file model-v5.cif (mmCIF, C-alpha atoms and all ligand atoms)
data_my_file
#
loop_
_atom_site.label_atom_id
_atom_site.label_comp_id
_atom_site.auth_asym_id
_atom_site.auth_seq_id
_atom_site.Cartn_x
_atom_site.Cartn_y
_atom_site.Cartn_z
CA MET C 19 110.54 110.99 107.90
CA PRO C 20 110.15 111.87 110.87
CA LEU C 21 108.17 108.60 111.24
CA THR C 22 108.33 106.46 108.13
CA VAL C 23 106.81 103.00 108.02
CA VAL C 24 107.96 100.58 105.32
CA VAL C 25 105.68 97.64 104.50
CA GLY C 26 105.38 95.02 101.77
CA GLY C 27 102.56 95.08 99.23
CA TRP C 28 102.66 91.45 98.06
CA PHE C 29 103.49 88.19 99.87
CA GLY C 30 106.83 89.20 101.37
CA ASP C 31 110.21 89.39 99.62
CA GLU C 32 109.38 92.65 97.91
CA GLY C 33 112.81 94.07 98.69
CA LYS C 34 112.03 95.88 101.93
CA GLY C 35 115.60 95.29 103.12
CA LYS C 36 116.96 97.15 100.14
CA VAL C 37 114.50 100.03 100.49
CA VAL C 38 115.08 100.38 104.23
CA SER C 39 118.87 100.27 103.82
CA TYR C 40 118.68 102.99 101.15
CA LEU C 41 116.47 105.17 103.35
CA GLY C 42 118.87 104.56 106.22
CA LEU C 43 121.87 105.71 104.18
CA VAL C 44 120.17 108.76 102.67
CA ASP C 45 117.80 109.96 105.40
CA LYS C 46 120.02 108.92 108.33
CA PRO C 47 117.24 108.26 110.85
CA ALA C 48 118.14 108.43 114.54
CA ILE C 49 116.34 105.12 115.10
CA CYS C 50 115.28 102.18 112.94
CA VAL C 51 112.95 99.63 114.49
CA ARG C 52 112.52 96.08 113.24
CA THR C 53 109.15 94.43 113.73
CA GLY C 54 108.10 90.86 112.96
CA SER C 55 110.41 87.94 113.46
CA ILE C 56 113.09 85.60 112.16
CA ASN C 57 110.86 83.92 109.56
CA ALA C 58 111.38 87.07 107.48
CA GLY C 59 114.71 87.39 105.69
CA HIS C 60 115.74 90.87 104.56
CA THR C 61 118.65 91.07 102.15
CA VAL C 62 121.00 94.05 102.05
CA ASN C 63 123.76 94.49 99.44
CA PHE C 64 126.04 97.41 100.05
CA ASN C 65 129.59 98.10 98.89
CA ARG C 66 129.90 94.62 97.38
CA LYS C 67 128.89 92.88 100.62
CA THR C 68 125.68 90.92 101.24
CA TRP C 69 123.83 90.46 104.51
CA LYS C 70 120.77 88.31 105.05
CA LEU C 71 119.10 89.70 108.14
CA ARG C 72 116.39 87.96 110.07
CA ILE C 73 116.08 90.21 113.11
CA LEU C 74 118.25 93.35 112.87
CA PRO C 75 116.90 96.43 111.08
CA SER C 76 118.24 96.88 107.54
CA CYS C 77 119.27 100.46 108.41
CA PHE C 78 122.40 99.07 110.08
CA VAL C 79 124.36 100.25 107.03
CA ASN C 80 124.04 103.81 108.34
CA GLU C 81 126.38 103.83 111.30
CA THR C 82 124.67 106.66 113.20
CA THR C 83 121.31 104.89 113.39
CA ARG C 84 120.32 103.16 116.61
CA LEU C 85 118.85 99.72 115.84
CA MET C 86 115.87 98.54 117.86
CA ILE C 87 113.76 95.41 118.15
CA ALA C 88 110.08 96.20 118.79
CA PRO C 89 108.13 94.98 121.82
CA GLY C 90 105.80 93.14 119.42
CA ALA C 91 108.70 91.42 117.66
CA LEU C 92 110.01 87.94 118.45
CA LEU C 93 113.72 87.27 118.44
CA LYS C 94 115.92 84.22 118.80
CA ILE C 95 118.98 84.89 120.91
CA ASP C 96 121.53 83.04 118.75
CA VAL C 97 120.25 84.75 115.59
CA LEU C 98 120.40 88.18 117.26
CA PHE C 99 124.00 87.84 118.45
CA ARG C 100 125.14 86.33 115.15
CA GLU C 101 123.72 89.30 113.25
CA ILE C 102 125.20 91.83 115.66
CA GLU C 103 128.61 90.30 114.89
CA GLU C 104 128.04 89.99 111.14
CA THR C 105 126.96 93.60 110.82
CA GLY C 106 129.51 94.96 113.29
CA SER C 107 126.74 96.82 115.07
CA ARG C 108 127.59 96.01 118.67
CA GLY C 109 126.85 98.94 120.97
CA ARG C 110 123.95 100.36 118.96
CA VAL C 111 121.45 97.49 119.11
CA TRP C 112 118.60 97.73 121.60
CA VAL C 113 115.88 95.24 122.43
CA ASP C 114 112.56 96.08 124.04
CA ALA C 115 112.07 94.43 127.43
CA ASN C 116 108.84 92.88 126.14
CA ALA C 117 110.13 91.49 122.85
CA GLY C 118 109.29 87.80 122.76
CA VAL C 119 111.98 85.13 122.73
CA ILE C 120 111.72 82.04 120.53
CA GLU C 121 113.25 78.94 122.10
CA ASP C 122 114.28 75.62 120.55
CA LYS C 123 111.04 74.01 121.71
CA HIS C 124 109.08 76.41 119.49
CA VAL C 125 111.13 75.47 116.45
CA GLU C 126 110.72 71.76 117.23
CA SER C 127 106.99 72.14 117.75
CA GLU C 128 106.54 73.81 114.35
CA ARG C 129 108.77 71.42 112.47
CA SER C 130 106.82 68.43 113.79
CA ASN C 131 103.49 70.04 112.89
CA GLU C 132 102.47 68.52 109.55
CA TYR C 133 99.64 70.95 108.96
CA LEU C 134 101.96 73.94 109.29
CA MET C 135 104.88 72.47 107.39
CA LYS C 136 103.07 70.59 104.57
CA ILE C 137 99.74 72.37 104.06
CA ILE C 138 100.61 75.98 104.96
CA GLY C 139 104.27 75.79 103.99
CA SER C 140 105.58 77.48 107.13
CA THR C 141 109.22 78.49 107.23
CA GLY C 142 109.45 76.37 110.42
CA GLN C 143 111.28 79.01 112.44
CA GLY C 144 109.12 78.62 115.55
CA VAL C 145 107.48 82.01 115.16
CA GLY C 146 103.86 80.83 115.09
CA ALA C 147 104.44 78.46 118.03
CA ALA C 148 106.00 81.29 120.04
CA MET C 149 103.03 83.53 119.17
CA VAL C 150 100.73 80.83 120.56
CA ASP C 151 102.70 80.92 123.82
CA ARG C 152 102.56 84.71 123.77
CA VAL C 153 98.78 84.66 123.55
CA LEU C 154 98.65 82.08 126.33
CA ARG C 155 100.98 84.40 128.30
CA VAL C 156 103.63 81.80 128.88
CA LEU C 157 106.22 83.05 126.36
CA LYS C 158 109.40 84.39 127.91
CA THR C 159 110.32 87.94 127.04
CA ALA C 160 113.69 89.58 126.54
CA LYS C 161 113.92 90.97 130.08
CA GLU C 162 114.03 87.42 131.48
CA PHE C 163 117.32 86.56 129.73
CA PRO C 164 120.52 87.66 131.51
CA GLU C 165 122.49 87.55 128.22
CA LEU C 166 120.24 90.32 126.86
CA ARG C 167 120.52 92.51 129.96
CA ASP C 168 122.83 95.13 128.44
CA LEU C 169 120.62 95.55 125.36
CA ILE C 170 117.29 96.09 127.07
CA THR C 171 115.43 99.34 126.62
CA ASP C 172 111.89 100.74 126.36
CA VAL C 173 111.51 101.00 122.58
CA SER C 174 108.14 102.76 122.49
CA ARG C 175 109.46 105.40 124.89
CA GLU C 176 112.68 105.84 122.88
CA VAL C 177 110.73 106.19 119.63
CA ASN C 178 108.19 108.62 121.07
CA GLU C 179 110.91 110.76 122.68
CA GLU C 180 112.85 110.84 119.43
CA LEU C 181 109.74 111.96 117.55
CA ASP C 182 109.10 114.65 120.17
CA ARG C 183 112.61 115.96 119.40
CA SER C 184 111.68 115.85 115.68
CA GLY C 185 114.25 113.15 115.04
CA GLY C 186 113.74 110.63 112.28
CA VAL C 187 112.49 107.11 112.86
CA ILE C 188 112.00 104.29 110.35
CA VAL C 189 109.83 101.33 111.22
CA GLU C 190 110.68 98.26 109.14
CA GLY C 191 107.76 95.95 108.52
CA THR C 192 108.16 92.33 107.54
CA GLN C 193 106.54 89.99 105.04
CA GLY C 194 103.75 91.41 102.92
CA THR C 195 100.18 92.62 103.11
CA PHE C 196 98.70 89.34 101.83
CA LEU C 197 100.54 87.28 104.44
CA SER C 198 98.72 89.24 107.16
CA LEU C 199 96.98 87.04 109.70
CA TYR C 200 93.87 89.23 109.34
CA HIS C 201 93.96 90.70 105.84
CA GLY C 202 95.85 88.05 103.88
CA THR C 203 94.90 84.81 102.16
CA TYR C 204 94.00 83.00 105.38
CA PRO C 205 94.92 80.33 106.37
CA PHE C 206 97.95 80.64 104.05
CA VAL C 207 99.39 83.51 106.05
CA THR C 208 101.92 84.22 108.75
CA SER C 209 101.23 84.64 112.47
CA ARG C 210 100.89 88.44 112.69
CA ASP C 211 99.31 91.45 111.04
CA THR C 212 101.80 92.65 108.46
CA THR C 213 99.95 95.81 107.35
CA ALA C 214 101.05 99.32 108.34
CA ALA C 215 98.60 99.44 111.24
CA GLY C 216 99.84 96.12 112.62
CA VAL C 217 103.45 97.10 112.25
CA ILE C 218 103.16 100.32 114.24
CA SER C 219 101.10 98.55 116.86
CA GLU C 220 104.12 96.27 117.39
CA VAL C 221 106.26 99.34 118.09
CA GLY C 222 103.91 101.22 120.42
CA VAL C 223 103.51 104.46 118.52
CA SER C 224 100.25 106.22 117.68
CA PRO C 225 98.89 106.24 114.10
CA ARG C 226 98.68 110.03 114.51
CA LEU C 227 102.47 110.23 114.49
CA VAL C 228 103.02 108.42 111.22
CA THR C 229 104.31 110.82 108.57
CA ASP C 230 104.95 108.45 105.69
CA ILE C 231 103.96 104.95 104.72
CA VAL C 232 106.11 103.46 101.97
CA LEU C 233 104.46 100.47 100.33
CA VAL C 234 107.00 98.27 98.56
CA PHE C 235 106.06 96.35 95.42
CA LYS C 236 108.55 94.22 93.56
CA ALA C 237 108.15 94.63 89.77
CA TYR C 238 106.61 91.15 89.74
CA VAL C 239 104.87 89.16 92.47
CA THR C 240 106.43 86.19 94.26
CA ARG C 241 105.24 83.81 96.91
CA VAL C 242 106.86 80.95 98.81
CA GLY C 243 104.79 78.29 100.54
CA ALA C 244 101.17 77.49 99.75
CA GLY C 245 98.18 79.69 98.95
CA GLU C 246 96.73 81.43 95.93
CA LEU C 247 98.91 83.46 93.60
CA PRO C 248 96.82 85.14 90.88
CA GLY C 249 98.41 84.91 87.43
CA GLU C 250 100.99 82.35 88.60
CA LEU C 251 103.45 81.42 85.85
CA SER C 252 104.95 78.00 85.20
CA MET C 253 108.44 77.55 86.61
CA ASP C 254 109.80 77.38 83.03
CA GLU C 255 108.24 80.75 82.29
CA VAL C 256 109.55 82.19 85.57
CA ILE C 257 113.07 81.09 84.65
CA ALA C 258 112.71 82.37 81.07
CA ARG C 259 111.77 85.82 82.41
CA GLY C 260 114.74 85.86 84.76
CA TRP C 261 112.47 86.00 87.81
CA ALA C 262 113.69 82.80 89.49
CA GLU C 263 114.43 83.42 93.19
CA ARG C 264 114.90 81.33 96.30
CA GLY C 265 113.65 82.06 99.82
CA THR C 266 116.15 83.87 102.05
CA VAL C 267 115.33 81.79 105.12
CA THR C 268 114.36 78.42 103.64
CA GLY C 269 116.04 78.33 100.22
CA ARG C 270 112.76 77.20 98.61
CA PRO C 271 112.09 78.33 95.02
CA ARG C 272 109.67 81.25 94.88
CA ARG C 273 106.54 81.04 92.76
CA ALA C 274 106.06 84.10 90.57
CA ALA C 275 103.42 86.09 88.68
CA PRO C 276 103.36 89.38 86.79
CA PHE C 277 102.66 92.68 88.61
CA ASN C 278 98.99 92.54 89.57
CA LEU C 279 97.06 95.80 89.69
CA ASP C 280 94.01 94.37 91.49
CA LEU C 281 96.20 93.02 94.25
CA ALA C 282 98.15 96.28 94.35
CA ARG C 283 94.93 98.29 94.69
CA ARG C 284 93.88 96.20 97.66
CA ALA C 285 97.31 96.60 99.26
CA VAL C 286 96.95 100.36 98.79
CA MET C 287 93.51 100.28 100.39
CA LEU C 288 94.76 98.31 103.39
CA ASN C 289 97.89 100.40 103.97
CA ARG C 290 96.98 103.82 102.52
CA PRO C 291 100.60 104.57 101.61
CA THR C 292 101.89 108.07 100.97
CA GLN C 293 104.55 106.65 98.63
CA ILE C 294 105.24 103.54 96.62
CA ALA C 295 108.60 101.88 96.08
CA ILE C 296 109.11 99.58 93.08
CA THR C 297 112.00 97.15 93.41
CA LYS C 298 113.79 94.94 90.87
CA PHE C 299 112.69 97.33 88.17
CA ASP C 300 115.60 96.16 86.02
CA ALA C 301 113.96 92.72 85.85
CA LEU C 302 111.14 94.32 83.82
CA PHE C 303 113.25 96.88 81.96
CA PRO C 304 116.87 95.72 81.56
CA GLY C 305 117.73 99.21 80.26
CA ALA C 306 117.00 100.53 83.76
CA ARG C 307 119.77 98.49 85.34
CA GLY C 308 122.00 100.45 87.71
CA LYS C 309 120.40 103.80 86.78
CA ARG C 310 120.13 106.35 89.57
CA ARG C 311 118.41 109.21 87.77
CA TRP C 312 114.91 109.39 86.35
CA SER C 313 116.13 111.01 83.14
CA ASP C 314 118.44 108.04 82.49
CA LEU C 315 115.52 105.58 82.36
CA PRO C 316 114.27 104.35 78.97
CA VAL C 317 111.06 106.09 77.92
CA GLU C 318 108.93 102.93 78.18
CA ALA C 319 110.22 102.34 81.71
CA ARG C 320 109.23 105.87 82.75
CA ARG C 321 105.80 105.35 81.19
CA TRP C 322 105.31 102.15 83.16
CA ILE C 323 106.09 103.91 86.43
CA GLU C 324 103.74 106.77 85.56
CA SER C 325 100.96 104.32 84.71
CA ILE C 326 101.36 102.61 88.09
CA SER C 327 101.27 105.95 89.94
CA GLU C 328 98.13 106.92 88.06
CA ALA C 329 96.36 103.60 88.47
CA LEU C 330 97.06 103.46 92.21
CA ARG C 331 96.76 107.22 92.80
CA VAL C 332 99.89 107.17 94.89
CA PRO C 333 103.24 108.57 93.76
CA VAL C 334 105.99 106.08 93.01
CA THR C 335 108.93 107.77 94.72
CA LEU C 336 111.59 105.06 94.91
CA ILE C 337 112.67 102.78 92.06
CA GLY C 338 115.20 100.03 92.69
CA THR C 339 117.41 99.34 89.69
CA GLY C 340 120.04 96.93 91.02
CA GLU C 341 121.15 94.99 94.07
CA ASP C 342 123.19 97.67 95.80
CA SER C 343 121.39 99.74 98.43
CA MET C 344 122.28 102.86 96.44
CA ASP C 345 120.97 101.53 93.09
CA MET C 346 117.85 103.61 93.51
CA ILE C 347 116.08 106.38 91.66
CA ASP C 348 114.74 108.69 94.35
CA LEU C 349 111.93 110.85 93.03
CA ARG C 350 111.49 112.48 96.42
CA ARG C 351 114.61 114.40 95.43
CA GLU C 352 113.92 114.98 91.74
CA VAL C 353 111.20 117.05 90.16
CA VAL C 354 109.48 114.81 87.65
CA GLY C 355 107.25 116.02 84.89
CA PRO C 356 107.04 117.15 81.35
P1 LIG Z 1 105.43 81.05 108.90
O1 LIG Z 1 105.07 82.45 109.22
O2 LIG Z 1 106.92 80.81 108.92
O3 LIG Z 1 104.67 80.03 109.68
O4 LIG Z 1 105.01 80.81 107.37
C1 LIG Z 1 103.64 80.96 106.97
C2 LIG Z 1 103.57 81.36 105.52
O5 LIG Z 1 104.15 82.66 105.37
C3 LIG Z 1 104.35 80.46 104.55
O6 LIG Z 1 103.69 80.47 103.28
C4 LIG Z 1 105.69 81.15 104.44
O7 LIG Z 1 106.35 80.84 103.23
C5 LIG Z 1 105.26 82.59 104.47
N1 LIG Z 1 106.29 83.50 104.99
C6 LIG Z 1 106.62 83.73 106.28
N2 LIG Z 1 107.61 84.64 106.35
C7 LIG Z 1 107.91 85.00 105.10
C8 LIG Z 1 108.81 85.93 104.52
O8 LIG Z 1 109.56 86.64 105.18
N3 LIG Z 1 108.83 86.02 103.17
C9 LIG Z 1 108.00 85.27 102.40
N4 LIG Z 1 107.12 84.41 102.88
C10 LIG Z 1 107.07 84.26 104.22
MG MG Z 2 112.32 87.98 102.51
#
call {"tool": "encode", "arguments": {"input": "model-v5.cif", "output": "structure tokens", "more": "lines below"}}
Ligand code: IMP
Ligand code: MG
result
Amino acid sequence: MPLTVVVGGWFGDEGKGKVVSYLGLVDKPAICVRTGSINAGHTVNFNRKTWKLRILPSCFVNETTRLMIAPGALLKIDVLFREIEETGSRGRVWVDANAGVIEDKHVESERSNEYLMKIIGSTGQGVGAAMVDRVLRVLKTAKEFPELRDLITDVSREVNEELDRSGGVIVEGTQGTFLSLYHGTYPFVTSRDTTAAGVISEVGVSPRLVTDIVLVFKAYVTRVGAGELPGELSMDEVIARGWAERGTVTGRPRRAAPFNLDLARRAVMLNRPTQIAITKFDALFPGARGKRRWSDLPVEARRWIESISEALRVPVTLIGTGEDSMDMIDLRREVVGP
């Protein structure tokens, strides 16, 4: 904090929801802003409950945090209200007047687009179609919908004023670096720039104000939809390693590959993080499961983390060891060393 940006280092589904919910609970930011759109599912497990969020910030678990939807984000009204109910966060959710609104026609247009659905493997949530309308300047924005009237605010102003008061703000990115429209594996990408620079541009805050960039890598790489995945394993191998997952939004099986240093180096170059978070660490080192202190990790697990820090020249500060938001080793708070 004060301004922490959380972004994904692979192809989405790195566990940003878990990392953001942990940071919410521990750092208690005044504001958490969600960027991106409803094609991105962020999963939060806390106190034996599970939420699959597609538009609300994952910081909702901290009840003092105000939850905001960025001007560059795109929401769908039914999804927004459903999540406000599911998370019990009515009264502290705010939507920027200029946030885009996805309508049924956008969903229909994507789902009937064979190129998007079959070749690219789109999630079919209408996000790309709404972005087209946004660029053509015909997309409706939040301020035009009477049902959103009580939630409307100026998010960039709120964020900048909070930072001027030295309050804490977390910006929650979506998807991953290599799904970026500009820096990813085009055309097998999503419809926005998912890197740290793109994410803060969606909020309306200067790069000069960013204090921390947390780049999230899952302990292995996954990808849903089409496009290259270096080192991709057969589905049998994925299952044998216990890495089988399904998409949060679409339920499709995720393709998987081992942690890839070359890809990670490029993600570091594109985002220049100050910190790295590693999630699902217990999938690589079962002995790490549920551990919350560095000293409780098996020696080989600690060595692996140190080797990643050294290879990427960025400290690994957060290590996810289980589903719960609090299953986290937080090296920002521990002195690590010989
Ligand atoms: P679209 O953005 O829904 O059109 O999907 C374009 C590509 O990005 C497809 O390969 C999707 O599977 C992928 N994609 C979009 N959002 C996510 C996400 O949140 N997690 C993982 N993959 C995603
Ligand atoms: Mg996801």
call {"tool": "closest_atom_pairs", "arguments": {"input": "model-v5.cif", "of": "range 248-321 of chain C", "to": "range 141-153 of chain C", "cutoff": "12 Å", "atoms": "only C-alpha atoms", "output": "tab-separated table"}}
result
residue	atom	partner	partner_atom	distance
C:Gly265	CA	C:Thr141	CA	9.3
C:Thr266	CA	C:Thr141	CA	10.2
C:Val267	CA	C:Thr141	CA	7.3
C:Thr268	CA	C:Thr141	CA	6.3
C:Gly269	CA	C:Thr141	CA	9.8
C:Arg270	CA	C:Thr141	CA	9.4
call {"tool": "residues_near_ligand", "arguments": {"input": "model-v5.cif", "ligand": "ligand LIG 1 (chain Z)", "cutoff": "6 Å", "atoms": "all atoms listed in the file", "output": "list in words"}}
result
Phe29, Gly30, Asp31, Asn57, Ala58, Gly59, Ile138, Gly139, Ser140, Thr141, Gly142, Gln143, Gly146, Gln193, Leu197, Phe206, Val207, Thr208, Ser209, Val242, Gly243 and Ala244 of chain C
call {"tool": "residues_around", "arguments": {"input": "model-v5.cif", "residues": "Arg284 in chain C", "least_positions_apart": "4", "cutoff": "12 Å", "atoms": "all atoms listed in the file", "output": "PyMOL selection string"}}
result
chain C and resi 27-28+195-196+201-202+213+233+278-280+288-291+330
call {"tool": "closest_residue", "arguments": {"input": "model-v5.cif", "among": "C:Cys50, C:Leu134, C:Leu199, C:Val156", "to": "Asp211 in chain C", "atoms": "only C-alpha atoms"}}
result
C:Leu199
call {"tool": "atom_distance", "arguments": {"input": "model-v5.cif", "atom1": "CA of Lys46 in chain C", "atom2": "CA of Ile231 in chain C"}}
result
16.9 Å
call {"tool": "closest_residue", "arguments": {"input": "model-v5.cif", "among": "C:Glu176, C:Glu246, C:Glu263, C:Glu352", "to": "ligand MG 2 (chain Z)", "atoms": "only C-alpha atoms and all ligand atoms"}}
result
C:Glu263
call {"tool": "closest_residue", "arguments": {"input": "model-v5.cif", "among": "C:Ala282, C:Val62, C:Met346, C:Val187", "to": "Arg311 in chain C", "atoms": "all atoms listed in the file"}}
result
C:Met346
call {"tool": "atom_distance", "arguments": {"input": "model-v5.cif", "atom1": "CA of Gly216 in chain C", "atom2": "CA of Ser198 in chain C"}}
result
8.9 Å
call {"tool": "atom_distance", "arguments": {"input": "model-v5.cif", "atom1": "CA of Val97 in chain C", "atom2": "CA of Ile188 in chain C"}}
result
21.8 Å
call {"tool": "closest_residue", "arguments": {"input": "model-v5.cif", "among": "C:Asp342, C:Glu128, C:Asp96, C:Glu104", "to": "Arg310 in chain C", "atoms": "all atoms listed in the file"}}
result
C:Asp342
call {"tool": "closest_residue", "arguments": {"input": "model-v5.cif", "among": "C:Ala215, C:Arg110, C:Lys236, C:Ile102", "to": "ligand MG 2 (chain Z)", "atoms": "only C-alpha atoms and all ligand atoms"}}
result
C:Lys236
call {"tool": "closest_residue", "arguments": {"input": "model-v5.cif", "among": "C:Thr171, C:Thr192, C:Ser224, C:Ser252", "to": "ligand MG 2 (chain Z)", "atoms": "all atoms listed in the file"}}
result
C:Thr192
call {"tool": "residues_near_point", "arguments": {"input": "model-v5.cif", "point": "(111.7, 95.1, 81.4)", "cutoff": "10 Å", "atoms": "all atoms listed in the file", "output": "PyMOL selection string"}}
result
chain C and resi 237+259+298-307+316+318-319+322
call {"tool": "axis_aligned_box", "arguments": {"input": "model-v5.cif", "around": "range 233-243 of chain C", "padding_each_side": "3 Å", "output": "AutoDock Vina command-line options"}}
result
--center_x 106.5 --center_y 89.4 --center_z 95.1 --size_x 10.1 --size_y 28.2 --size_z 16.8
call {"tool": "residues_around", "arguments": {"input": "model-v5.cif", "residues": "Asp172 in chain C", "least_positions_apart": "3", "cutoff": "7 Å", "atoms": "only C-alpha atoms", "output": "mmCIF file with C-alpha atoms, in the coordinates of the input"}}
result
data_model
loop_
_atom_site.group_PDB
_atom_site.id
_atom_site.type_symbol
_atom_site.label_atom_id
_atom_site.label_comp_id
_atom_site.auth_asym_id
_atom_site.auth_seq_id
_atom_site.Cartn_x
_atom_site.Cartn_y
_atom_site.Cartn_z
ATOM 1 C CA ASP C 114 112.560 96.080 124.040
ATOM 2 C CA ALA C 115 112.070 94.430 127.430
ATOM 3 C CA ARG C 175 109.460 105.400 124.890
ATOM 4 C CA GLU C 176 112.680 105.840 122.880
#
call {"tool": "residues_around", "arguments": {"input": "model-v5.cif", "residues": "Asn65 in chain C", "least_positions_apart": "5", "cutoff": "10 Å", "atoms": "all atoms listed in the file", "output": "short mmCIF file (atom, residue, chain, number, x, y, z; two decimals) with C-alpha atoms, in the frame of the given file"}}
result
data_model
loop_
_atom_site.label_atom_id
_atom_site.label_comp_id
_atom_site.auth_asym_id
_atom_site.auth_seq_id
_atom_site.Cartn_x
_atom_site.Cartn_y
_atom_site.Cartn_z
CA VAL C 79 124.36 100.25 107.03
CA ASP C 342 123.19 97.67 95.80
CA SER C 343 121.39 99.74 98.43
CA MET C 344 122.28 102.86 96.44
#
